[in-house]
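This report refers to the structure that appears directly beneath it.
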Amino acid sequence: MYSNSEADSWRLKFCSSIFVTLAVMTMIKDVVYGDSIDTDMEVLLSLKAFMQQHNRVNQGQYSKWNQSNNPCEWPRISCNDEQRVSAVDLSDSEISGEVFRNFSALTALSYLDLSMNTLHGVIPEDLSQCQSLKYLNLSHNILDGELKLQGLNQLEVLDLAINRFYGDMNISFPGICKNLVVANVSSNNFTGRIDQHFDECLNLQYFDLSSNRFSGDLWVRFTRLREFSVSENNLSGAILPSIFNGSCSLVNLDLSENEFSGEIAKGISNCRNLVTLNLGGNKFTGPIPSEIGSISSLKYLFLENNTFSRVIPESLLNLSSLVSLDFGRNNFGGDVQEIFGRFTQVKFLVLHSNSYTGGIHSSGILKLPNVSRLDLSYNKFTGSLPVEIAQKSSLKYLFLAYNHFSGTIPPEYGNLSHLQALDLSSNSLSGPIPPTIGNLKSLMFLMLANNLLTGPIPKELGDCTSLLWLNLSNNNLTGIIPAELKNIGTNVGPTFESNNQDKDRIVAGSGVCLEIQRWIPADYPSFSFLYKILTRKSCQNMQDQLFKGNGLFPICVAGSTIRTLQISGYIQLSGNQLSGQVPPEIGEMQTISMLNLAFNKFYGELPAEIGQMTLVVLNLTKNSFSGQIPMEIGNMKCMQNLDLSYNYFSGEFPPSLNSLTELSKFNISYNPLISGVIPASGQLATFDKQSYLGDPLLILPKFIVNSKDNGDTLPKFIDNSTDDEDEVIRNGFYNSMGVGFVVGFWGVCGSLILIRSWRHSYFCFLNLLHDWLYLRVAWIRQKLKDILRRS
């Protein structure tokens, strides 16, 4: 037996040994598993080195890691109460390459955001070992492969939107959805069914499966969510009435752009909290359920692109909160239904693509007191443009494109003081552009292309200081480019600010992608790739950026290759009868990145000031420009499309154009007076001979000339002709030029002293001389072709 003192001593020693053992075990655990801030720092430094290895320039905030010995103080890093790294936010950090393969070493990591980068490849298996992870955002990258996240059973938020993932989701679901609240896998390439994997996701509230390739039936338990979207998939079948028999928690429901058929279930009215209901782009038939009119919370109703009955239920007028109503593409035909003129609460009314022929006035839609967005495009309306709409001071967006309207543009449209977009393109409108359009200080989009408009471009358009997107192409406009146009787009800030403060958000309707495709040409480099992946979401995002000025296109100022994202518009004047010289003030247009003056009658020298613009696209083809090509064009380092073909440019070809390293489309063909040498290296050497046809004085590298021949005339090239052959070409050309000069010189001098009645004959002679010179040049080209054939 031990005495009390001995027992106490034994107990103390035993407890001490236990404490020491636990401490040692904790230390061992720290070493083995990295459960310390020091090992967290080592992992982060390894991550930094990995990212820097794959990103030599444009490094993000992670380049500042290791400025202190405490990772919790590093940018984009957060720690928990135990001073362990719990959050890594590398969103929008210009990271490329694959995903780091050792995030699991950060054993306290609960938040990881790698979104808005250019990460590629598959998700590494290591990421599935991050068992503490609650938030994972990999959206807006180019990741691919099958979704393998099994093991992340603590996840609450998962965002994989806008990537290239594919395959079935059953590898990860339902295994990871026990705690999942938010899941966004939109805009990928997922396939398979969705009606079998998500029943166990009992906490799920926000679920976005849109813009994938899912097929089969609809998941029937979506009514317990708050937001559910399966838009732009290949789902089919009927929407069973039994789906809505129980309680419904839905606030936003989007089933658009699928293959659903049959009638809309009347029980959808049980979703009493619905704010957005989008059923557009399906194969629904029959009457529109009158029960929808009892959903008092409904603000956005999209029923476009179906085959509904023409009869619109009177009960829908009871939707007092309704902001947006979209019935586009239902092929209603005839006159606009009278009931649409009674939706006095509506701000956005979309009725495009319905084959309407009349009823604009009789329906009363022109008198809707709150309408700010009216889309009547792609119908069959005829007659004059409605003047009454000019009384709607609330109107911001007016779309009447692709109809059969005729007559003149009402000058009263200049009274629409809040108008931001006016699209009257592709009608049969005639007469001048009214100068009153210059009163529209908030106007950002003016689309008048493909009409029969005549007269000059009114100088008053320069007063539209918010105007960024001007398209007047394919009309019969005459006169010069007014110097006042330099002021367009110089004060768009207040309009952007107003739109950012506007509480009535524009939810993507059926016409949003049509608008984007009308407004932004497919050959605009910064946007062309998006034409292949246009979704309603991407179109909506694009439109939001356009109207809110949140940055969109990569632009670099003259002389710099550094890009900044900013709103930048265009001027499209092609296909008219415009003439005169381009004003030097054009260089002051710093908000324009695309200038298209093709197929007009402009002449004279191109002003050197054009090199001060931030152009990405410059098209001057089929005009009569002369003189030297300004070397300053070489200052536009972000230039991607340059077309100077079919003009009369002369003199030495500017070597500065070879520094346009972003150039992907280039054409200088049929400028027979251009001379000089195209370098055998650099950007200009990447184009084939089609870019240089009809330029006999240009000397090209041999490998360009030996590229595939389409039967066109070939220009001169290096080291591939004899001196005698060169002499034939030179003599023929200089003889032609000599005769032309002599005849032209005495013709001009003689006309100054001849009687007035001879002057008409003189100008006819100049036309004949012009044609003769062209024939002479053609003869030279044929001689050159014969020489090449003999060689």
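We name chains A, B, ... following the order of the structure tokens; residues begin at 1 in each chain, and ligands are numbered from 1 as shown.
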Could you pull out all residues of region 40-190 of chain A with a DSSP call of alpha helix (DSSP H) and give them as a PDB file with N, CA, C and O atoms, in the first residue's frame?
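Saved file out-v7.pdb follows:
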```pdb
ATOM      1  N   ASP A  40       2.051  25.894 -43.422  1.00  0.00           N
ATOM      2  CA  ASP A  40       1.140  26.604 -44.336  1.00  0.00           C
ATOM      3  C   ASP A  40       1.926  27.585 -45.200  1.00  0.00           C
ATOM      4  O   ASP A  40       1.688  27.715 -46.405  1.00  0.00           O
ATOM      5  N   MET A  41       2.886  28.287 -44.560  1.00  0.00           N
ATOM      6  CA  MET A  41       3.683  29.254 -45.300  1.00  0.00           C
ATOM      7  C   MET A  41       4.519  28.551 -46.366  1.00  0.00           C
ATOM      8  O   MET A  41       4.649  29.043 -47.484  1.00  0.00           O
ATOM      9  N   GLU A  42       5.084  27.383 -46.023  1.00  0.00           N
ATOM     10  CA  GLU A  42       5.871  26.649 -46.995  1.00  0.00           C
ATOM     11  C   GLU A  42       5.020  26.237 -48.203  1.00  0.00           C
ATOM     12  O   GLU A  42       5.471  26.311 -49.351  1.00  0.00           O
ATOM     13  N   VAL A  43       3.780  25.824 -47.935  1.00  0.00           N
ATOM     14  CA  VAL A  43       2.885  25.418 -49.025  1.00  0.00           C
ATOM     15  C   VAL A  43       2.557  26.623 -49.909  1.00  0.00           C
ATOM     16  O   VAL A  43       2.562  26.528 -51.140  1.00  0.00           O
ATOM     17  N   LEU A  44       2.294  27.766 -49.283  1.00  0.00           N
ATOM     18  CA  LEU A  44       1.963  28.967 -50.054  1.00  0.00           C
ATOM     19  C   LEU A  44       3.150  29.434 -50.899  1.00  0.00           C
ATOM     20  O   LEU A  44       2.971  29.881 -52.034  1.00  0.00           O
ATOM     21  N   LEU A  45       4.338  29.334 -50.359  1.00  0.00           N
ATOM     22  CA  LEU A  45       5.526  29.707 -51.142  1.00  0.00           C
ATOM     23  C   LEU A  45       5.731  28.742 -52.306  1.00  0.00           C
ATOM     24  O   LEU A  45       6.168  29.148 -53.391  1.00  0.00           O
ATOM     25  N   SER A  46       5.406  27.482 -52.073  1.00  0.00           N
ATOM     26  CA  SER A  46       5.457  26.512 -53.172  1.00  0.00           C
ATOM     27  C   SER A  46       4.412  26.842 -54.237  1.00  0.00           C
ATOM     28  O   SER A  46       4.678  26.754 -55.438  1.00  0.00           O
ATOM     29  N   LEU A  47       3.222  27.250 -53.788  1.00  0.00           N
ATOM     30  CA  LEU A  47       2.162  27.675 -54.713  1.00  0.00           C
ATOM     31  C   LEU A  47       2.591  28.908 -55.506  1.00  0.00           C
ATOM     32  O   LEU A  47       2.385  28.991 -56.724  1.00  0.00           O
ATOM     33  N   LYS A  48       3.222  29.868 -54.819  1.00  0.00           N
ATOM     34  CA  LYS A  48       3.703  31.073 -55.484  1.00  0.00           C
ATOM     35  C   LYS A  48       4.718  30.728 -56.579  1.00  0.00           C
ATOM     36  O   LYS A  48       4.632  31.217 -57.712  1.00  0.00           O
ATOM     37  N   ALA A  49       5.680  29.874 -56.246  1.00  0.00           N
ATOM     38  CA  ALA A  49       6.695  29.483 -57.228  1.00  0.00           C
ATOM     39  C   ALA A  49       6.059  28.766 -58.411  1.00  0.00           C
ATOM     40  O   ALA A  49       6.455  28.972 -59.571  1.00  0.00           O
ATOM     41  N   PHE A  50       5.068  27.924 -58.125  1.00  0.00           N
ATOM     42  CA  PHE A  50       4.364  27.201 -59.191  1.00  0.00           C
ATOM     43  C   PHE A  50       3.678  28.181 -60.136  1.00  0.00           C
ATOM     44  O   PHE A  50       3.770  28.048 -61.363  1.00  0.00           O
ATOM     45  N   MET A  51       2.992  29.181 -59.594  1.00  0.00           N
ATOM     46  CA  MET A  51       2.275  30.150 -60.429  1.00  0.00           C
ATOM     47  C   MET A  51       3.243  31.040 -61.202  1.00  0.00           C
ATOM     48  O   MET A  51       3.004  31.356 -62.364  1.00  0.00           O
ATOM     49  N   GLN A  52       4.331  31.443 -60.568  1.00  0.00           N
ATOM     50  CA  GLN A  52       5.303  32.287 -61.265  1.00  0.00           C
ATOM     51  C   GLN A  52       6.000  31.542 -62.391  1.00  0.00           C
ATOM     52  O   GLN A  52       6.375  32.132 -63.401  1.00  0.00           O
ATOM     53  N   GLN A  53       6.155  30.244 -62.224  1.00  0.00           N
ATOM     54  CA  GLN A  53       6.760  29.440 -63.268  1.00  0.00           C
ATOM     55  C   GLN A  53       5.892  29.420 -64.528  1.00  0.00           C
ATOM     56  O   GLN A  53       6.395  29.405 -65.654  1.00  0.00           O
ATOM     57  N   HIS A  54       4.579  29.455 -64.334  1.00  0.00           N
ATOM     58  CA  HIS A  54       3.652  29.399 -65.462  1.00  0.00           C
ATOM     59  C   HIS A  54       3.180  30.784 -65.902  1.00  0.00           C
ATOM     60  O   HIS A  54       2.444  30.893 -66.884  1.00  0.00           O
TER      61      HIS A  54
END
```
Distance table requested - region 521-617 of chain A against region 479-483 of chain A, cut-off 10 Å, only C-alpha atoms: one row per qualifying residue with the closest atom pair and its distance in Å to one decimal, ordered by chain and rising residue number, as a Markdown table.
```
| residue | atom | partner | partner_atom | distance |
| --- | --- | --- | --- | --- |
| A:Leu573 | CA | A:Ile481 | CA | 9.4 |
| A:Asn576 | CA | A:Gly479 | CA | 9.8 |
| A:Gln577 | CA | A:Gly479 | CA | 7.6 |
| A:Leu578 | CA | A:Gly479 | CA | 5.1 |
| A:Ser579 | CA | A:Ile480 | CA | 5.4 |
| A:Gly580 | CA | A:Ile480 | CA | 5.3 |
| A:Gln581 | CA | A:Ile480 | CA | 7.1 |
| A:Val582 | CA | A:Ile481 | CA | 6.6 |
| A:Pro583 | CA | A:Ala483 | CA | 5.9 |
| A:Pro584 | CA | A:Ala483 | CA | 8.0 |
| A:Glu585 | CA | A:Ala483 | CA | 6.0 |
| A:Ile586 | CA | A:Ala483 | CA | 7.3 |
| A:Lys601 | CA | A:Gly479 | CA | 9.5 |
| A:Phe602 | CA | A:Ile480 | CA | 8.2 |
```
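For Ser296 (chain A), the list of residues within 8 Å, based on only C-alpha atoms and with local chain neighbours fewer than 2 positions off taken out, reads Arg272, Gly293, Ser294, Leu298, Asn318, Leu319, Ser320 and Ser321 of chain A.
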Keeping only all heavy atoms, write the selected residues as a tab-separated table (two decimals), in the first residue's frame.
```tsv
chain	number	residue	atom	x	y	z
A	272	ARG	N	-46.00	30.76	-54.87
A	272	ARG	CA	-46.48	32.10	-54.55
A	272	ARG	C	-45.39	33.13	-54.43
A	272	ARG	O	-45.68	34.34	-54.42
A	272	ARG	CB	-47.28	32.06	-53.22
A	272	ARG	CG	-48.52	31.20	-53.27
A	272	ARG	CD	-49.56	31.81	-54.17
A	272	ARG	NE	-50.80	31.04	-54.21
A	272	ARG	CZ	-51.86	31.36	-54.95
A	272	ARG	NH1	-51.81	32.44	-55.71
A	272	ARG	NH2	-52.93	30.62	-54.93
A	293	GLY	N	-51.77	34.61	-63.25
A	293	GLY	CA	-52.15	35.95	-62.82
A	293	GLY	C	-52.32	36.10	-61.33
A	293	GLY	O	-52.44	37.23	-60.83
A	294	SER	N	-52.32	34.99	-60.58
A	294	SER	CA	-52.48	35.06	-59.12
A	294	SER	C	-51.15	35.11	-58.39
A	294	SER	O	-51.13	35.22	-57.16
A	294	SER	CB	-53.28	33.85	-58.63
A	294	SER	OG	-52.56	32.65	-58.86
A	298	LEU	N	-44.76	38.17	-58.97
A	298	LEU	CA	-44.08	38.00	-60.25
A	298	LEU	C	-43.69	39.34	-60.87
A	298	LEU	O	-44.51	40.23	-61.04
A	298	LEU	CB	-44.99	37.22	-61.21
A	298	LEU	CG	-44.32	36.56	-62.41
A	298	LEU	CD1	-43.29	35.54	-61.97
A	298	LEU	CD2	-45.36	35.90	-63.30
A	318	ASN	N	-53.50	41.53	-63.56
A	318	ASN	CA	-53.49	41.67	-62.11
A	318	ASN	C	-52.08	41.62	-61.52
A	318	ASN	O	-51.90	41.84	-60.32
A	318	ASN	CB	-54.33	40.56	-61.46
A	318	ASN	CG	-55.78	40.63	-61.88
A	318	ASN	OD1	-56.32	41.71	-62.12
A	318	ASN	ND2	-56.43	39.47	-61.97
A	319	LEU	N	-51.08	41.30	-62.34
A	319	LEU	CA	-49.71	41.21	-61.86
A	319	LEU	C	-49.14	42.62	-61.67
A	319	LEU	O	-48.43	43.16	-62.51
A	319	LEU	CB	-48.84	40.42	-62.84
A	319	LEU	CG	-49.28	38.96	-63.07
A	319	LEU	CD1	-48.46	38.33	-64.20
A	319	LEU	CD2	-49.14	38.15	-61.79
A	320	SER	N	-49.47	43.21	-60.54
A	320	SER	CA	-49.16	44.63	-60.31
A	320	SER	C	-47.66	44.89	-60.21
A	320	SER	O	-47.22	46.03	-60.39
A	320	SER	CB	-49.86	45.10	-59.04
A	320	SER	OG	-49.46	44.32	-57.92
A	321	SER	N	-46.86	43.86	-59.90
A	321	SER	CA	-45.42	44.05	-59.76
A	321	SER	C	-44.68	43.76	-61.06
A	321	SER	O	-43.44	43.88	-61.09
A	321	SER	CB	-44.87	43.13	-58.66
A	321	SER	OG	-45.47	43.42	-57.42
```
Using DSSP assignments from the backbone, pull out every residue in region 527-678 of chain A that falls under strand (DSSP E or B) and give it to me as a compact mmCIF listing (two decimals) with C-alpha atoms, in the first residue's frame.
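Output below, filename part.txt:
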```txt
# COMPACT_ATOMS: atom_id res chain seq x y z
CA PHE A 553 -12.66 45.17 -74.85
CA PRO A 554 -8.86 45.09 -74.49
CA ILE A 555 -7.62 48.41 -75.86
CA THR A 564 -6.66 47.87 -70.57
CA LEU A 565 -10.27 46.71 -70.51
CA GLN A 566 -12.59 49.56 -71.37
CA GLY A 569 -17.20 51.60 -79.68
CA TYR A 570 -17.16 51.87 -83.45
CA ILE A 571 -18.06 54.02 -86.43
CA GLN A 572 -19.45 52.11 -89.40
CA GLN A 577 -21.70 57.60 -101.27
CA LEU A 578 -19.65 59.62 -98.80
CA SER A 579 -16.75 61.60 -100.22
CA GLY A 580 -14.17 64.24 -99.40
CA ILE A 592 -13.43 54.28 -81.06
CA SER A 593 -11.70 50.96 -81.73
CA MET A 594 -13.31 50.07 -85.08
CA LEU A 595 -13.51 52.42 -88.08
CA ASN A 596 -15.13 51.13 -91.26
CA LYS A 601 -15.85 57.75 -102.45
CA PHE A 602 -13.37 59.22 -99.98
CA TYR A 603 -10.26 60.68 -101.59
CA GLY A 604 -7.07 62.56 -100.79
CA GLU A 605 -4.42 61.68 -98.27
CA VAL A 617 -10.07 47.35 -86.93
CA LEU A 618 -9.52 49.79 -89.82
CA ASN A 619 -11.25 49.15 -93.15
CA SER A 624 -10.01 56.66 -103.75
CA PHE A 625 -7.45 57.47 -101.08
CA SER A 626 -4.11 58.62 -102.47
CA GLY A 627 -0.71 59.72 -101.27
CA ASN A 641 -7.64 43.88 -88.96
CA LEU A 642 -6.24 46.35 -91.53
CA ASP A 643 -7.70 46.63 -95.04
CA TYR A 648 -4.59 54.83 -105.01
CA PHE A 649 -2.03 54.91 -102.23
CA SER A 650 1.44 55.65 -103.57
CA GLY A 651 5.00 56.11 -102.42
CA GLU A 652 7.07 53.90 -100.16
CA LYS A 665 -5.98 40.16 -91.29
CA PHE A 666 -4.14 42.44 -93.70
CA ASN A 667 -4.89 43.59 -97.26
CA LEU A 673 1.42 52.85 -107.16
CA ILE A 674 2.70 51.48 -103.84
CA SER A 675 6.39 50.58 -103.92
CA GLY A 676 8.96 49.23 -101.54
CA VAL A 677 10.08 45.94 -100.01
```
Do a neighbour search on Pro386 (chain A) at 9 Å with only C-alpha atoms, toss out local chain neighbours closer than 5 positions, and write the hits as a list in words. Ile360, His361, Leu366 and Pro410 of chain A
For region 205-222 of chain A, please output as a count of residues only all residues within 8 Å (counting only C-alpha atoms; exclusion window: fewer than 2 positions along the same chain). 35
